[in-house]
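Let me begin by presenting the structure, written as structure tokens, before commenting on it.
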Amino acid sequence: RLSPSVCMISIESAHVSDTARPGQFVNIKCGEGIDALLRRPISICRVDRRRGTFDIVFEIKGKGTTLLSRKEKGGLIDFMGPLGRPFNLPGRCISIAVVGGGIGVFPLLFLLNEYESVSRHTYLGFKSRDCIVLEEQFGSASTSINISTDDGSRGHHGLITGLFKKELDSIGCDAVYTCGPEP
């Protein structure tokens, strides 16, 4: 558990760890029978190609994610993936920015870790200081990191997009990658 409502699971899969690209996801079967019948799409947060594993991070919101949060170490997880169209870097890119909010921040960590040769500016928004997760991992993967909270309990007060708009010209990035809620 990264917080009371956010979980991270590391899954062993040589196929996914070898072939997944930033921005892709897996569809996970959370339960058996008619409980949580539909698979849940969950972004790939990080891969470890050496160990043959990948990490997913998700928020417990309903029956399916509650069941998934109860999986035990060493158990089996039924999933399909990697799925979806990955992020792509433009040619001759020297600086990128990632902008994410809430549970939308997780696939951006994979992107930052994959493109270590470019300058990486990170902008993450959360509801409050209690909702901030993976800050250390994002900081290690970034040239600079900026945090905002809706309630002002940590970092910039307000939406992270507001802070990003103020700093966009000064960071001079070649590409911006986003994931998060509509605002």
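In the structure tokens, the first chain shown is A, the next is B, and so on; residue numbers restart at 1 for each chain, and ligands run from 1 in the order shown.
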According to DSSP computed on the backbone, where in segment 7-132 of chain A is there strand (DSSP E)? Give the residues as a PyMOL selection string.
chain A and resi 7-12+25-29+40-48+53-59+78-83+95-101+119-126
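Nearest to Ile103 of chain A of all the residues A:Glu32, A:Asp169, A:Glu59, A:Asp174 is A:Glu59, based on only C-alpha atoms.
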Would you mind telling me which residue in A:Ile147, A:Val118, A:Leu37, A:Ile56 lies nearest to Ile11 of chain A when using only C-alpha atoms?
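Of A:Ile147, A:Val118, A:Leu37, A:Ile56, the one nearest Ile11 of chain A is A:Ile56, counting only C-alpha atoms.
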For Ile42 of chain A, work out the shell of residues within 7 Å, counting only C-alpha atoms and skipping chain neighbours fewer than 4 positions away, then give it as an mmCIF file with all heavy atoms, in the first residue's frame.
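So out-v9.cif came out as:
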```cif
data_model
loop_
_atom_site.group_PDB
_atom_site.id
_atom_site.type_symbol
_atom_site.label_atom_id
_atom_site.label_comp_id
_atom_site.auth_asym_id
_atom_site.auth_seq_id
_atom_site.Cartn_x
_atom_site.Cartn_y
_atom_site.Cartn_z
ATOM 1 N N PHE A 25 -0.780 -0.268 -21.140
ATOM 2 C CA PHE A 25 -1.486 -0.761 -19.971
ATOM 3 C C PHE A 25 -1.706 -2.260 -20.078
ATOM 4 O O PHE A 25 -1.419 -2.871 -21.113
ATOM 5 C CB PHE A 25 -2.836 -0.036 -19.811
ATOM 6 C CG PHE A 25 -3.811 -0.298 -20.933
ATOM 7 C CD1 PHE A 25 -4.783 -1.280 -20.813
ATOM 8 C CD2 PHE A 25 -3.756 0.450 -22.105
ATOM 9 C CE1 PHE A 25 -5.674 -1.524 -21.840
ATOM 10 C CE2 PHE A 25 -4.655 0.211 -23.150
ATOM 11 C CZ PHE A 25 -5.619 -0.783 -23.008
ATOM 12 N N VAL A 26 -2.204 -2.850 -18.997
ATOM 13 C CA VAL A 26 -2.628 -4.250 -18.997
ATOM 14 C C VAL A 26 -4.094 -4.298 -18.574
ATOM 15 O O VAL A 26 -4.560 -3.427 -17.844
ATOM 16 C CB VAL A 26 -1.764 -5.132 -18.053
ATOM 17 C CG1 VAL A 26 -0.355 -5.283 -18.596
ATOM 18 C CG2 VAL A 26 -1.731 -4.587 -16.638
ATOM 19 N N ASN A 27 -4.818 -5.288 -19.074
ATOM 20 C CA ASN A 27 -6.199 -5.530 -18.649
ATOM 21 C C ASN A 27 -6.160 -6.679 -17.654
ATOM 22 O O ASN A 27 -5.731 -7.783 -17.991
ATOM 23 C CB ASN A 27 -7.086 -5.893 -19.838
ATOM 24 C CG ASN A 27 -7.868 -4.724 -20.345
ATOM 25 O OD1 ASN A 27 -8.015 -3.710 -19.668
ATOM 26 N ND2 ASN A 27 -8.383 -4.847 -21.564
ATOM 27 N N ILE A 56 2.244 -2.154 -11.414
ATOM 28 C CA ILE A 56 1.023 -1.396 -11.641
ATOM 29 C C ILE A 56 0.678 -0.693 -10.333
ATOM 30 O O ILE A 56 1.010 -1.177 -9.252
ATOM 31 C CB ILE A 56 -0.158 -2.280 -12.098
ATOM 32 C CG1 ILE A 56 -0.450 -3.385 -11.062
ATOM 33 C CG2 ILE A 56 0.120 -2.875 -13.485
ATOM 34 C CD1 ILE A 56 -1.758 -4.109 -11.276
ATOM 35 N N PHE A 58 -2.708 1.385 -8.574
ATOM 36 C CA PHE A 58 -4.126 1.661 -8.787
ATOM 37 C C PHE A 58 -4.771 2.131 -7.495
ATOM 38 O O PHE A 58 -4.277 1.878 -6.398
ATOM 39 C CB PHE A 58 -4.856 0.403 -9.299
ATOM 40 C CG PHE A 58 -4.757 -0.776 -8.368
ATOM 41 C CD1 PHE A 58 -5.743 -1.036 -7.435
ATOM 42 C CD2 PHE A 58 -3.669 -1.628 -8.427
ATOM 43 C CE1 PHE A 58 -5.653 -2.111 -6.578
ATOM 44 C CE2 PHE A 58 -3.557 -2.717 -7.574
ATOM 45 C CZ PHE A 58 -4.555 -2.961 -6.634
#
```
Mind the document's chain letters and residue numbers, and return as a VMD selection string the residues of segment 97-167 of chain A that DSSP labels helix (DSSP H, G or I).
chain A and resid 102 to 114 129 to 131 135 to 140 160 to 167
